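Text of target-v1.pdb, listed as PDB, C-alpha atoms:
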ATOM      1  CA  MET A  36     -24.718  12.617  11.812  1.00  0.00           C
ATOM      2  CA  SER A  37     -22.463   9.549  11.616  1.00  0.00           C
ATOM      3  CA  LYS A  38     -19.692   9.173   9.058  1.00  0.00           C
ATOM      4  CA  SER A  39     -21.696   6.456   7.272  1.00  0.00           C
ATOM      5  CA  GLU A  40     -24.567   8.900   6.786  1.00  0.00           C
ATOM      6  CA  LEU A  41     -22.524  11.564   5.001  1.00  0.00           C
ATOM      7  CA  THR A  42     -24.208  12.838   1.850  1.00  0.00           C
ATOM      8  CA  SER A  43     -22.623  12.848  -1.582  1.00  0.00           C
ATOM      9  CA  GLY A  44     -22.046  16.588  -1.367  1.00  0.00           C
ATOM     10  CA  ASP A  45     -19.395  15.986   1.290  1.00  0.00           C
ATOM     11  CA  PHE A  46     -16.905  14.513  -1.164  1.00  0.00           C
ATOM     12  CA  THR A  47     -18.094  14.215  -4.771  1.00  0.00           C
ATOM     13  CA  ALA A  48     -17.360  17.876  -5.466  1.00  0.00           C
ATOM     14  CA  ALA A  49     -13.674  17.383  -4.611  1.00  0.00           C
ATOM     15  CA  THR A  50     -11.176  18.324  -7.320  1.00  0.00           C
ATOM     16  CA  GLU A  51      -7.941  16.944  -5.807  1.00  0.00           C
ATOM     17  CA  PRO A  52      -7.625  13.286  -4.735  1.00  0.00           C
ATOM     18  CA  PHE A  53      -4.714  13.350  -2.282  1.00  0.00           C
ATOM     19  CA  ARG A  54      -6.304  15.872   0.038  1.00  0.00           C
ATOM     20  CA  LEU A  55      -9.516  13.854   0.011  1.00  0.00           C
ATOM     21  CA  PHE A  56      -7.524  10.673   0.684  1.00  0.00           C
ATOM     22  CA  ALA A  57      -5.867  12.344   3.681  1.00  0.00           C
ATOM     23  CA  GLU A  58      -9.270  13.353   5.061  1.00  0.00           C
ATOM     24  CA  TRP A  59     -10.685   9.831   4.669  1.00  0.00           C
ATOM     25  CA  LEU A  60      -7.562   8.293   6.190  1.00  0.00           C
ATOM     26  CA  LYS A  61      -7.864  10.608   9.195  1.00  0.00           C
ATOM     27  CA  ASP A  62     -11.493   9.514   9.657  1.00  0.00           C
ATOM     28  CA  ALA A  63     -10.464   5.855   9.395  1.00  0.00           C
ATOM     29  CA  THR A  64      -7.757   6.142  12.047  1.00  0.00           C
ATOM     30  CA  GLN A  65     -10.483   7.263  14.450  1.00  0.00           C
ATOM     31  CA  SER A  66     -13.099   4.683  13.520  1.00  0.00           C
ATOM     32  CA  GLU A  67     -11.489   1.380  12.523  1.00  0.00           C
ATOM     33  CA  PRO A  68     -11.619  -0.927  15.578  1.00  0.00           C
ATOM     34  CA  ASN A  69      -9.143  -3.576  14.366  1.00  0.00           C
ATOM     35  CA  ASP A  70      -6.480  -1.429  12.703  1.00  0.00           C
ATOM     36  CA  PRO A  71      -5.492   1.710  14.604  1.00  0.00           C
ATOM     37  CA  ASN A  72      -3.390   2.915  11.688  1.00  0.00           C
ATOM     38  CA  ALA A  73      -6.091   2.164   9.089  1.00  0.00           C
ATOM     39  CA  LEU A  74      -3.239   1.588   6.658  1.00  0.00           C
ATOM     40  CA  ALA A  75      -3.885  -2.002   5.604  1.00  0.00           C
ATOM     41  CA  LEU A  76      -4.642  -2.356   1.926  1.00  0.00           C
ATOM     42  CA  ALA A  77      -5.091  -5.058  -0.684  1.00  0.00           C
ATOM     43  CA  LEU A  78      -2.293  -4.912  -3.251  1.00  0.00           C
ATOM     44  CA  ALA A  79      -2.853  -6.515  -6.657  1.00  0.00           C
ATOM     45  CA  THR A  80      -0.159  -7.520  -9.144  1.00  0.00           C
ATOM     46  CA  VAL A  81       0.050  -9.907 -12.103  1.00  0.00           C
ATOM     47  CA  ASP A  82       2.548 -12.637 -12.912  1.00  0.00           C
ATOM     48  CA  GLU A  83       4.238 -13.325 -16.256  1.00  0.00           C
ATOM     49  CA  THR A  84       1.143 -15.145 -17.546  1.00  0.00           C
ATOM     50  CA  GLY A  85      -1.235 -12.335 -16.601  1.00  0.00           C
ATOM     51  CA  MET A  86      -2.634 -14.272 -13.622  1.00  0.00           C
ATOM     52  CA  PRO A  87      -3.449 -11.810 -10.827  1.00  0.00           C
ATOM     53  CA  ASN A  88      -2.259 -12.013  -7.236  1.00  0.00           C
ATOM     54  CA  VAL A  89      -3.594 -10.011  -4.297  1.00  0.00           C
ATOM     55  CA  ARG A  90      -2.436  -9.709  -0.688  1.00  0.00           C
ATOM     56  CA  MET A  91      -2.641  -7.318   2.248  1.00  0.00           C
ATOM     57  CA  VAL A  92       0.224  -4.876   2.817  1.00  0.00           C
ATOM     58  CA  LEU A  93       0.713  -1.712   4.867  1.00  0.00           C
ATOM     59  CA  LEU A  94       0.898   1.774   3.414  1.00  0.00           C
ATOM     60  CA  LYS A  95       4.002   3.478   4.793  1.00  0.00           C
ATOM     61  CA  ASP A  96       3.855   6.914   3.181  1.00  0.00           C
ATOM     62  CA  PHE A  97       1.879   8.966   0.701  1.00  0.00           C
ATOM     63  CA  ASP A  98       1.977  12.399  -0.877  1.00  0.00           C
ATOM     64  CA  GLU A  99       1.214  13.910  -4.272  1.00  0.00           C
ATOM     65  CA  GLN A 100       3.871  11.649  -5.799  1.00  0.00           C
ATOM     66  CA  GLY A 101       1.999   8.496  -4.812  1.00  0.00           C
ATOM     67  CA  PHE A 102       1.564   5.675  -2.299  1.00  0.00           C
ATOM     68  CA  VAL A 103       4.591   3.900  -0.780  1.00  0.00           C
ATOM     69  CA  PHE A 104       5.022   0.398   0.649  1.00  0.00           C
ATOM     70  CA  TYR A 105       8.088  -1.761   1.322  1.00  0.00           C
ATOM     71  CA  THR A 106       8.951  -5.363   0.552  1.00  0.00           C
ATOM     72  CA  ASN A 107      11.609  -7.853  -0.453  1.00  0.00           C
ATOM     73  CA  TYR A 108      12.249  -7.261  -4.159  1.00  0.00           C
ATOM     74  CA  GLU A 109      12.885 -10.998  -4.553  1.00  0.00           C
ATOM     75  CA  SER A 110       9.425 -11.879  -3.192  1.00  0.00           C
ATOM     76  CA  GLN A 111       6.552 -12.806  -5.480  1.00  0.00           C
ATOM     77  CA  LYS A 112       5.051  -9.323  -5.415  1.00  0.00           C
ATOM     78  CA  GLY A 113       8.475  -7.747  -5.796  1.00  0.00           C
ATOM     79  CA  ARG A 114       9.295  -9.794  -8.891  1.00  0.00           C
ATOM     80  CA  GLU A 115       5.862  -9.190 -10.404  1.00  0.00           C
ATOM     81  CA  ILE A 116       6.042  -5.441  -9.898  1.00  0.00           C
ATOM     82  CA  LEU A 117       9.578  -5.210 -11.265  1.00  0.00           C
ATOM     83  CA  SER A 118       8.408  -7.111 -14.344  1.00  0.00           C
ATOM     84  CA  SER A 119       5.180  -5.229 -15.094  1.00  0.00           C
ATOM     85  CA  GLU A 120       5.921  -1.894 -13.386  1.00  0.00           C
ATOM     86  CA  LYS A 121       2.186  -1.621 -12.634  1.00  0.00           C
ATOM     87  CA  ALA A 122      -0.025  -2.370  -9.636  1.00  0.00           C
ATOM     88  CA  ALA A 123      -3.378  -1.636  -8.037  1.00  0.00           C
ATOM     89  CA  MET A 124      -4.460  -1.220  -4.429  1.00  0.00           C
ATOM     90  CA  CYS A 125      -7.721  -1.066  -2.527  1.00  0.00           C
ATOM     91  CA  PHE A 126      -8.450   0.424   0.884  1.00  0.00           C
ATOM     92  CA  HIS A 127     -11.676  -0.711   2.573  1.00  0.00           C
ATOM     93  CA  TRP A 128     -12.845   0.892   5.805  1.00  0.00           C
ATOM     94  CA  LYS A 129     -15.872  -1.127   6.862  1.00  0.00           C
ATOM     95  CA  SER A 130     -16.870   1.052   9.788  1.00  0.00           C
ATOM     96  CA  LEU A 131     -17.128   4.065   7.463  1.00  0.00           C
ATOM     97  CA  ARG A 132     -18.585   2.121   4.530  1.00  0.00           C
ATOM     98  CA  ARG A 133     -15.900   3.608   2.321  1.00  0.00           C
ATOM     99  CA  GLN A 134     -13.488   2.238  -0.246  1.00  0.00           C
ATOM    100  CA  ILE A 135     -10.665   3.744  -2.294  1.00  0.00           C
ATOM    101  CA  ARG A 136      -9.219   2.051  -5.386  1.00  0.00           C
ATOM    102  CA  VAL A 137      -5.859   3.085  -6.850  1.00  0.00           C
ATOM    103  CA  ARG A 138      -4.187   2.018 -10.104  1.00  0.00           C
ATOM    104  CA  GLY A 139      -1.038   3.159 -11.849  1.00  0.00           C
ATOM    105  CA  PRO A 140       2.608   2.700 -12.773  1.00  0.00           C
ATOM    106  CA  VAL A 141       5.104   1.762 -10.068  1.00  0.00           C
ATOM    107  CA  GLU A 142       8.611   3.060  -9.430  1.00  0.00           C
ATOM    108  CA  LYS A 143      11.282   2.212  -6.881  1.00  0.00           C
ATOM    109  CA  VAL A 144      11.780   4.587  -3.976  1.00  0.00           C
ATOM    110  CA  THR A 145      15.232   6.129  -3.630  1.00  0.00           C
ATOM    111  CA  ASP A 146      17.933   4.424  -1.596  1.00  0.00           C
ATOM    112  CA  ALA A 147      17.790   7.322   0.868  1.00  0.00           C
ATOM    113  CA  GLU A 148      14.049   6.810   1.409  1.00  0.00           C
ATOM    114  CA  ALA A 149      14.476   3.068   1.847  1.00  0.00           C
ATOM    115  CA  ASP A 150      17.411   3.476   4.242  1.00  0.00           C
ATOM    116  CA  ALA A 151      15.508   5.967   6.397  1.00  0.00           C
ATOM    117  CA  TYR A 152      12.439   3.768   6.660  1.00  0.00           C
ATOM    118  CA  TYR A 153      14.448   0.587   7.241  1.00  0.00           C
ATOM    119  CA  GLN A 154      16.326   2.130  10.170  1.00  0.00           C
ATOM    120  CA  SER A 155      13.000   3.233  11.706  1.00  0.00           C
ATOM    121  CA  ARG A 156      11.790  -0.383  11.933  1.00  0.00           C
ATOM    122  CA  PRO A 157      12.120  -2.462  15.121  1.00  0.00           C
ATOM    123  CA  ARG A 158      15.447  -4.295  15.330  1.00  0.00           C
ATOM    124  CA  GLY A 159      13.711  -7.668  15.054  1.00  0.00           C
ATOM    125  CA  SER A 160      12.025  -6.625  11.817  1.00  0.00           C
ATOM    126  CA  ARG A 161      15.366  -5.548  10.361  1.00  0.00           C
ATOM    127  CA  ILE A 162      16.834  -8.940  11.286  1.00  0.00           C
ATOM    128  CA  GLY A 163      13.792 -10.609   9.701  1.00  0.00           C
ATOM    129  CA  ALA A 164      14.466  -8.868   6.400  1.00  0.00           C
ATOM    130  CA  TRP A 165      17.836 -10.658   6.273  1.00  0.00           C
ATOM    131  CA  ALA A 166      16.607 -14.024   7.578  1.00  0.00           C
ATOM    132  CA  SER A 167      13.496 -14.485   5.425  1.00  0.00           C
ATOM    133  CA  LYS A 168      13.799 -15.678   1.841  1.00  0.00           C
ATOM    134  CA  GLN A 169      10.348 -14.270   1.223  1.00  0.00           C
ATOM    135  CA  SER A 170       7.940 -16.241  -1.025  1.00  0.00           C
ATOM    136  CA  ARG A 171      10.335 -19.179  -1.416  1.00  0.00           C
ATOM    137  CA  PRO A 172       9.895 -22.711  -0.017  1.00  0.00           C
ATOM    138  CA  LEU A 173      10.677 -23.155   3.697  1.00  0.00           C
ATOM    139  CA  GLU A 174      11.882 -26.613   4.720  1.00  0.00           C
ATOM    140  CA  SER A 175      10.982 -26.136   8.396  1.00  0.00           C
ATOM    141  CA  ARG A 176      10.229 -23.510  11.019  1.00  0.00           C
ATOM    142  CA  PHE A 177      13.555 -24.422  12.596  1.00  0.00           C
ATOM    143  CA  ALA A 178      15.376 -23.295   9.441  1.00  0.00           C
ATOM    144  CA  LEU A 179      13.825 -19.830   9.736  1.00  0.00           C
ATOM    145  CA  GLU A 180      14.564 -19.572  13.448  1.00  0.00           C
ATOM    146  CA  LYS A 181      18.149 -20.684  12.810  1.00  0.00           C
ATOM    147  CA  ALA A 182      18.565 -17.948  10.181  1.00  0.00           C
ATOM    148  CA  VAL A 183      17.178 -15.360  12.615  1.00  0.00           C
ATOM    149  CA  ALA A 184      19.668 -16.511  15.262  1.00  0.00           C
ATOM    150  CA  GLU A 185      22.570 -16.372  12.799  1.00  0.00           C
ATOM    151  CA  TYR A 186      21.794 -12.827  11.659  1.00  0.00           C
ATOM    152  CA  THR A 187      21.116 -11.701  15.226  1.00  0.00           C
ATOM    153  CA  ALA A 188      24.636 -12.838  16.119  1.00  0.00           C
ATOM    154  CA  ARG A 189      26.101 -11.323  12.945  1.00  0.00           C
ATOM    155  CA  PHE A 190      24.588  -7.905  13.663  1.00  0.00           C
ATOM    156  CA  ALA A 191      24.910  -8.030  17.448  1.00  0.00           C
ATOM    157  CA  ILE A 192      26.736  -4.695  17.576  1.00  0.00           C
ATOM    158  CA  GLY A 193      25.938  -1.494  15.732  1.00  0.00           C
ATOM    159  CA  GLU A 194      23.404  -0.678  13.051  1.00  0.00           C
ATOM    160  CA  ILE A 195      21.857  -3.340  10.853  1.00  0.00           C
ATOM    161  CA  PRO A 196      22.397  -2.453   7.173  1.00  0.00           C
ATOM    162  CA  ARG A 197      19.508  -2.645   4.747  1.00  0.00           C
ATOM    163  CA  PRO A 198      19.760  -5.646   2.383  1.00  0.00           C
ATOM    164  CA  ASP A 199      20.145  -4.642  -1.250  1.00  0.00           C
ATOM    165  CA  TYR A 200      17.074  -6.690  -2.140  1.00  0.00           C
ATOM    166  CA  TRP A 201      14.811  -4.984   0.427  1.00  0.00           C
ATOM    167  CA  SER A 202      13.345  -1.616  -0.495  1.00  0.00           C
ATOM    168  CA  GLY A 203      10.166   0.217  -1.400  1.00  0.00           C
ATOM    169  CA  PHE A 204       7.804   0.873  -4.267  1.00  0.00           C
ATOM    170  CA  ARG A 205       5.722   3.938  -5.048  1.00  0.00           C
ATOM    171  CA  ILE A 206       2.473   3.661  -6.998  1.00  0.00           C
ATOM    172  CA  ASN A 207       2.143   6.923  -8.891  1.00  0.00           C
ATOM    173  CA  PRO A 208      -1.575   6.722  -9.636  1.00  0.00           C
ATOM    174  CA  THR A 209      -3.355   7.465 -12.863  1.00  0.00           C
ATOM    175  CA  TYR A 210      -6.713   6.334 -11.436  1.00  0.00           C
ATOM    176  CA  ILE A 211      -8.206   6.874  -7.981  1.00  0.00           C
ATOM    177  CA  GLU A 212     -11.804   5.990  -7.152  1.00  0.00           C
ATOM    178  CA  PHE A 213     -13.588   7.057  -3.971  1.00  0.00           C
ATOM    179  CA  TRP A 214     -16.620   4.918  -3.118  1.00  0.00           C
ATOM    180  CA  HIS A 215     -19.159   5.469  -0.358  1.00  0.00           C
ATOM    181  CA  ASP A 216     -21.980   3.119   0.559  1.00  0.00           C
ATOM    182  CA  ARG A 217     -25.499   4.510   0.184  1.00  0.00           C
ATOM    183  CA  PRO A 218     -28.925   2.959   0.858  1.00  0.00           C
ATOM    184  CA  PHE A 219     -30.369   0.482  -1.665  1.00  0.00           C
ATOM    185  CA  ARG A 220     -26.931   0.075  -3.297  1.00  0.00           C
ATOM    186  CA  LEU A 221     -27.170   3.558  -4.824  1.00  0.00           C
ATOM    187  CA  HIS A 222     -23.572   4.249  -3.868  1.00  0.00           C
ATOM    188  CA  ASP A 223     -21.529   7.384  -4.566  1.00  0.00           C
ATOM    189  CA  ARG A 224     -18.498   6.923  -6.822  1.00  0.00           C
ATOM    190  CA  LEU A 225     -16.069   9.715  -7.671  1.00  0.00           C
ATOM    191  CA  ILE A 226     -13.288   8.985 -10.169  1.00  0.00           C
ATOM    192  CA  PHE A 227     -10.024  10.867 -10.655  1.00  0.00           C
ATOM    193  CA  LYS A 228      -8.201   9.973 -13.886  1.00  0.00           C
ATOM    194  CA  ARG A 229      -5.166  11.112 -15.843  1.00  0.00           C
ATOM    195  CA  ASP A 230      -3.320   9.533 -18.751  1.00  0.00           C
ATOM    196  CA  THR A 231       0.106   9.900 -17.154  1.00  0.00           C
ATOM    197  CA  PRO A 232       1.292  11.001 -13.699  1.00  0.00           C
ATOM    198  CA  ASP A 233       2.552  14.357 -15.032  1.00  0.00           C
ATOM    199  CA  VAL A 234      -0.765  15.731 -16.333  1.00  0.00           C
ATOM    200  CA  PRO A 235      -3.729  17.251 -14.438  1.00  0.00           C
ATOM    201  CA  TRP A 236      -6.544  15.142 -13.026  1.00  0.00           C
ATOM    202  CA  THR A 237      -9.984  14.938 -14.561  1.00  0.00           C
ATOM    203  CA  THR A 238     -12.994  13.962 -12.456  1.00  0.00           C
ATOM    204  CA  GLN A 239     -16.121  12.006 -13.255  1.00  0.00           C
ATOM    205  CA  LYS A 240     -18.956  10.428 -11.299  1.00  0.00           C
ATOM    206  CA  PHE A 241     -19.892   6.818 -12.072  1.00  0.00           C
ATOM    207  CA  TYR A 242     -23.157   4.961 -11.679  1.00  0.00           C
ATOM    208  CA  PRO A 243     -23.067   2.576  -8.695  1.00  0.00           C
TER     209      PRO A 243
END
Represent the structure contained in this file as structure tokens.
Amino acid sequence: MSKSELTSGDFTAATEPFRLFAEWLKDATQSEPNDPNALALALATVDETGMPNVRMVLLKDFDEQGFVFYTNYESQKGREILSSEKAAMCFHWKSLRRQIRVRGPVEKVTDAEADAYYQSRPRGSRIGAWASKQSRPLESRFALEKAVAEYTARFAIGEIPRPDYWSGFRINPTYIEFWHDRPFRLHDRLIFKRDTPDVPWTTQKFYP
């Protein structure tokens, strides 16, 4: 039986969302043809007027505390998250006909977490974090390449320090929905909800 033919009994009886997420992520790493890590997700935020923004980012870590990604805090998404302290994300694995939606408050990761991840990145990516004024107007491609060259020379020897404005966020979810495609649009939907991140989950099935 293929993954897309799994019956509702394979997941809608689950009582803990992070273990189920780990199982679905493992399946996706084996099935997604265009993303070996299966970690691309749509991240939604809102600006000061309430207008939403959405873009693709990469999940870098997850555990029972939440879902972690990294960015420039001075970027559009960084500013919007720091202002609202809330965000939503959506994973879609087309080959499995599965989707996971996550919503909740957002907190900064610790400096130690950010430092460890930053130093694990390729050297060029660490240089890029210094050279790119993310989400701000760029006068020319040459200006970006010049900045890359300047920081490459500046950090030619030794470790490249993490910029103060570059770090990570953790969505500590209060809502996680697991969705699985079924024939005739009679999909399975399993919802995990809690009022705050420090209370137990409740589960509920939704109509498709």
Determine the residue membership of the PyMOL selection byres ((chain A and resi 47) around 12) for the file above and supply it as a CSV table (one decimal) with C-alpha atoms, in the frame of the given file.
chain,number,residue,atom,x,y,z
A,41,LEU,CA,-22.5,11.6,5.0
A,42,THR,CA,-24.2,12.8,1.8
A,43,SER,CA,-22.6,12.8,-1.6
A,44,GLY,CA,-22.0,16.6,-1.4
A,45,ASP,CA,-19.4,16.0,1.3
A,46,PHE,CA,-16.9,14.5,-1.2
A,48,ALA,CA,-17.4,17.9,-5.5
A,49,ALA,CA,-13.7,17.4,-4.6
A,50,THR,CA,-11.2,18.3,-7.3
A,51,GLU,CA,-7.9,16.9,-5.8
A,52,PRO,CA,-7.6,13.3,-4.7
A,55,LEU,CA,-9.5,13.9,0.0
A,212,GLU,CA,-11.8,6.0,-7.2
A,213,PHE,CA,-13.6,7.1,-4.0
A,214,TRP,CA,-16.6,4.9,-3.1
A,215,HIS,CA,-19.2,5.5,-0.4
A,222,HIS,CA,-23.6,4.2,-3.9
A,223,ASP,CA,-21.5,7.4,-4.6
A,224,ARG,CA,-18.5,6.9,-6.8
A,225,LEU,CA,-16.1,9.7,-7.7
A,226,ILE,CA,-13.3,9.0,-10.2
A,227,PHE,CA,-10.0,10.9,-10.7
A,238,THR,CA,-13.0,14.0,-12.5
A,239,GLN,CA,-16.1,12.0,-13.3
A,240,LYS,CA,-19.0,10.4,-11.3
A,241,PHE,CA,-19.9,6.8,-12.1
Apply the PyMOL selection byres ((chain A and resi 102) around 10) to the structure shown and report the selected residues as an NGL selection string. :A and (53 or 94-101 or 103-104 or 124 or 137 or 141 or 204-208)
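Taking only C-alpha atoms, the non-local environment of Arg161 (chain A) within 10 Å (same-chain residues fewer than 2 positions away omitted) comprises Tyr153, Gln154, Ser155, Arg156, Pro157, Arg158, Gly159, Gly163, Ala164, Trp165, Ala166, Tyr186, Thr187, Glu194, Ile195, Pro196, Arg197, Pro198 and Trp201 of chain A.
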Given the file above and the PyMOL selection byres ((chain A and resi 113) around 10), which residues are selected, and can you give them as a list in words? Thr80, Tyr105, Thr106, Asn107, Tyr108, Glu109, Ser110, Gln111, Lys112, Arg114, Glu115, Ile116, Leu117, Ser118, Glu120, Gln169, Ser170, Tyr200, Trp201, Ser202, Gly203 and Phe204 of chain A
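In this structure, CA of Lys61 (chain A) sits 18.7 Å away from CA of Ala77 (chain A).
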Which centre and which edge lengths, in Å to one decimal, describe the axis-aligned box that holds all listed atoms of region 169-183 of chain A after 8 Å is added on each side, as JSON?
{"center_x": 13.3, "center_y": -20.4, "center_z": 6.0, "size_x": 26.6, "size_y": 28.3, "size_z": 30.9}
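Remark: for Lys181 (chain A), the closest of the candidate residues A:Glu67, A:Pro140, A:Ile162, A:Asp199 is A:Ile162 (distances computed over only C-alpha atoms).
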Starting from the incomplete input, reconstruct N, CA and C atoms of region 56-80 of chain A and write that as a PDB file, keeping the file's coordinate frame.
ATOM      1  N   PHE A  56      -8.047  11.899   0.080  1.00  0.00           N
ATOM      2  CA  PHE A  56      -7.524  10.673   0.684  1.00  0.00           C
ATOM      3  C   PHE A  56      -7.071  10.934   2.112  1.00  0.00           C
ATOM      4  N   ALA A  57      -6.353  12.024   2.340  1.00  0.00           N
ATOM      5  CA  ALA A  57      -5.867  12.344   3.681  1.00  0.00           C
ATOM      6  C   ALA A  57      -7.023  12.526   4.664  1.00  0.00           C
ATOM      7  N   GLU A  58      -8.109  13.157   4.200  1.00  0.00           N
ATOM      8  CA  GLU A  58      -9.270  13.353   5.061  1.00  0.00           C
ATOM      9  C   GLU A  58      -9.922  12.017   5.411  1.00  0.00           C
ATOM     10  N   TRP A  59     -10.066  11.136   4.415  1.00  0.00           N
ATOM     11  CA  TRP A  59     -10.685   9.831   4.669  1.00  0.00           C
ATOM     12  C   TRP A  59      -9.791   8.972   5.551  1.00  0.00           C
ATOM     13  N   LEU A  60      -8.480   9.059   5.355  1.00  0.00           N
ATOM     14  CA  LEU A  60      -7.562   8.293   6.190  1.00  0.00           C
ATOM     15  C   LEU A  60      -7.638   8.766   7.643  1.00  0.00           C
ATOM     16  N   LYS A  61      -7.724  10.073   7.844  1.00  0.00           N
ATOM     17  CA  LYS A  61      -7.864  10.608   9.195  1.00  0.00           C
ATOM     18  C   LYS A  61      -9.133  10.076   9.860  1.00  0.00           C
ATOM     19  N   ASP A  62     -10.246  10.066   9.117  1.00  0.00           N
ATOM     20  CA  ASP A  62     -11.493   9.514   9.657  1.00  0.00           C
ATOM     21  C   ASP A  62     -11.319   8.046  10.031  1.00  0.00           C
ATOM     22  N   ALA A  63     -10.615   7.294   9.169  1.00  0.00           N
ATOM     23  CA  ALA A  63     -10.464   5.855   9.395  1.00  0.00           C
ATOM     24  C   ALA A  63      -9.613   5.559  10.620  1.00  0.00           C
ATOM     25  N   THR A  64      -8.593   6.376  10.877  1.00  0.00           N
ATOM     26  CA  THR A  64      -7.757   6.142  12.047  1.00  0.00           C
ATOM     27  C   THR A  64      -8.546   6.302  13.335  1.00  0.00           C
ATOM     28  N   GLN A  65      -9.653   7.033  13.269  1.00  0.00           N
ATOM     29  CA  GLN A  65     -10.483   7.263  14.450  1.00  0.00           C
ATOM     30  C   GLN A  65     -11.624   6.265  14.578  1.00  0.00           C
ATOM     31  N   SER A  66     -11.895   5.518  13.507  1.00  0.00           N
ATOM     32  CA  SER A  66     -13.099   4.683  13.520  1.00  0.00           C
ATOM     33  C   SER A  66     -12.846   3.190  13.375  1.00  0.00           C
ATOM     34  N   GLU A  67     -11.708   2.789  12.789  1.00  0.00           N
ATOM     35  CA  GLU A  67     -11.489   1.380  12.523  1.00  0.00           C
ATOM     36  C   GLU A  67     -11.088   0.649  13.796  1.00  0.00           C
ATOM     37  N   PRO A  68     -11.891  -0.296  14.284  1.00  0.00           N
ATOM     38  CA  PRO A  68     -11.619  -0.927  15.578  1.00  0.00           C
ATOM     39  C   PRO A  68     -10.456  -1.902  15.561  1.00  0.00           C
ATOM     40  N   ASN A  69     -10.147  -2.511  14.407  1.00  0.00           N
ATOM     41  CA  ASN A  69      -9.143  -3.576  14.366  1.00  0.00           C
ATOM     42  C   ASN A  69      -7.814  -3.143  13.776  1.00  0.00           C
ATOM     43  N   ASP A  70      -7.719  -1.907  13.310  1.00  0.00           N
ATOM     44  CA  ASP A  70      -6.480  -1.429  12.703  1.00  0.00           C
ATOM     45  C   ASP A  70      -6.298   0.033  13.063  1.00  0.00           C
ATOM     46  N   PRO A  71      -5.624   0.326  14.164  1.00  0.00           N
ATOM     47  CA  PRO A  71      -5.492   1.710  14.604  1.00  0.00           C
ATOM     48  C   PRO A  71      -4.887   2.631  13.553  1.00  0.00           C
ATOM     49  N   ASN A  72      -4.015   2.084  12.700  1.00  0.00           N
ATOM     50  CA  ASN A  72      -3.390   2.915  11.688  1.00  0.00           C
ATOM     51  C   ASN A  72      -4.232   3.043  10.428  1.00  0.00           C
ATOM     52  N   ALA A  73      -5.204   2.144  10.260  1.00  0.00           N
ATOM     53  CA  ALA A  73      -6.091   2.164   9.089  1.00  0.00           C
ATOM     54  C   ALA A  73      -5.301   2.149   7.788  1.00  0.00           C
ATOM     55  N   LEU A  74      -4.130   1.545   7.809  1.00  0.00           N
ATOM     56  CA  LEU A  74      -3.239   1.588   6.658  1.00  0.00           C
ATOM     57  C   LEU A  74      -3.142   0.263   5.912  1.00  0.00           C
ATOM     58  N   ALA A  75      -3.912  -0.727   6.312  1.00  0.00           N
ATOM     59  CA  ALA A  75      -3.885  -2.002   5.604  1.00  0.00           C
ATOM     60  C   ALA A  75      -4.612  -1.863   4.274  1.00  0.00           C
ATOM     61  N   LEU A  76      -4.035  -2.437   3.247  1.00  0.00           N
ATOM     62  CA  LEU A  76      -4.642  -2.356   1.926  1.00  0.00           C
ATOM     63  C   LEU A  76      -4.395  -3.639   1.166  1.00  0.00           C
ATOM     64  N   ALA A  77      -5.268  -3.919   0.215  1.00  0.00           N
ATOM     65  CA  ALA A  77      -5.091  -5.058  -0.684  1.00  0.00           C
ATOM     66  C   ALA A  77      -4.281  -4.584  -1.885  1.00  0.00           C
ATOM     67  N   LEU A  78      -3.168  -5.260  -2.140  1.00  0.00           N
ATOM     68  CA  LEU A  78      -2.293  -4.912  -3.251  1.00  0.00           C
ATOM     69  C   LEU A  78      -2.394  -5.980  -4.321  1.00  0.00           C
ATOM     70  N   ALA A  79      -2.694  -5.576  -5.545  1.00  0.00           N
ATOM     71  CA  ALA A  79      -2.853  -6.515  -6.657  1.00  0.00           C
ATOM     72  C   ALA A  79      -1.728  -6.336  -7.666  1.00  0.00           C
ATOM     73  N   THR A  80      -1.179  -7.487  -8.107  1.00  0.00           N
ATOM     74  CA  THR A  80      -0.159  -7.520  -9.144  1.00  0.00           C
ATOM     75  C   THR A  80      -0.503  -8.650 -10.105  1.00  0.00           C
TER      76      THR A  80
END
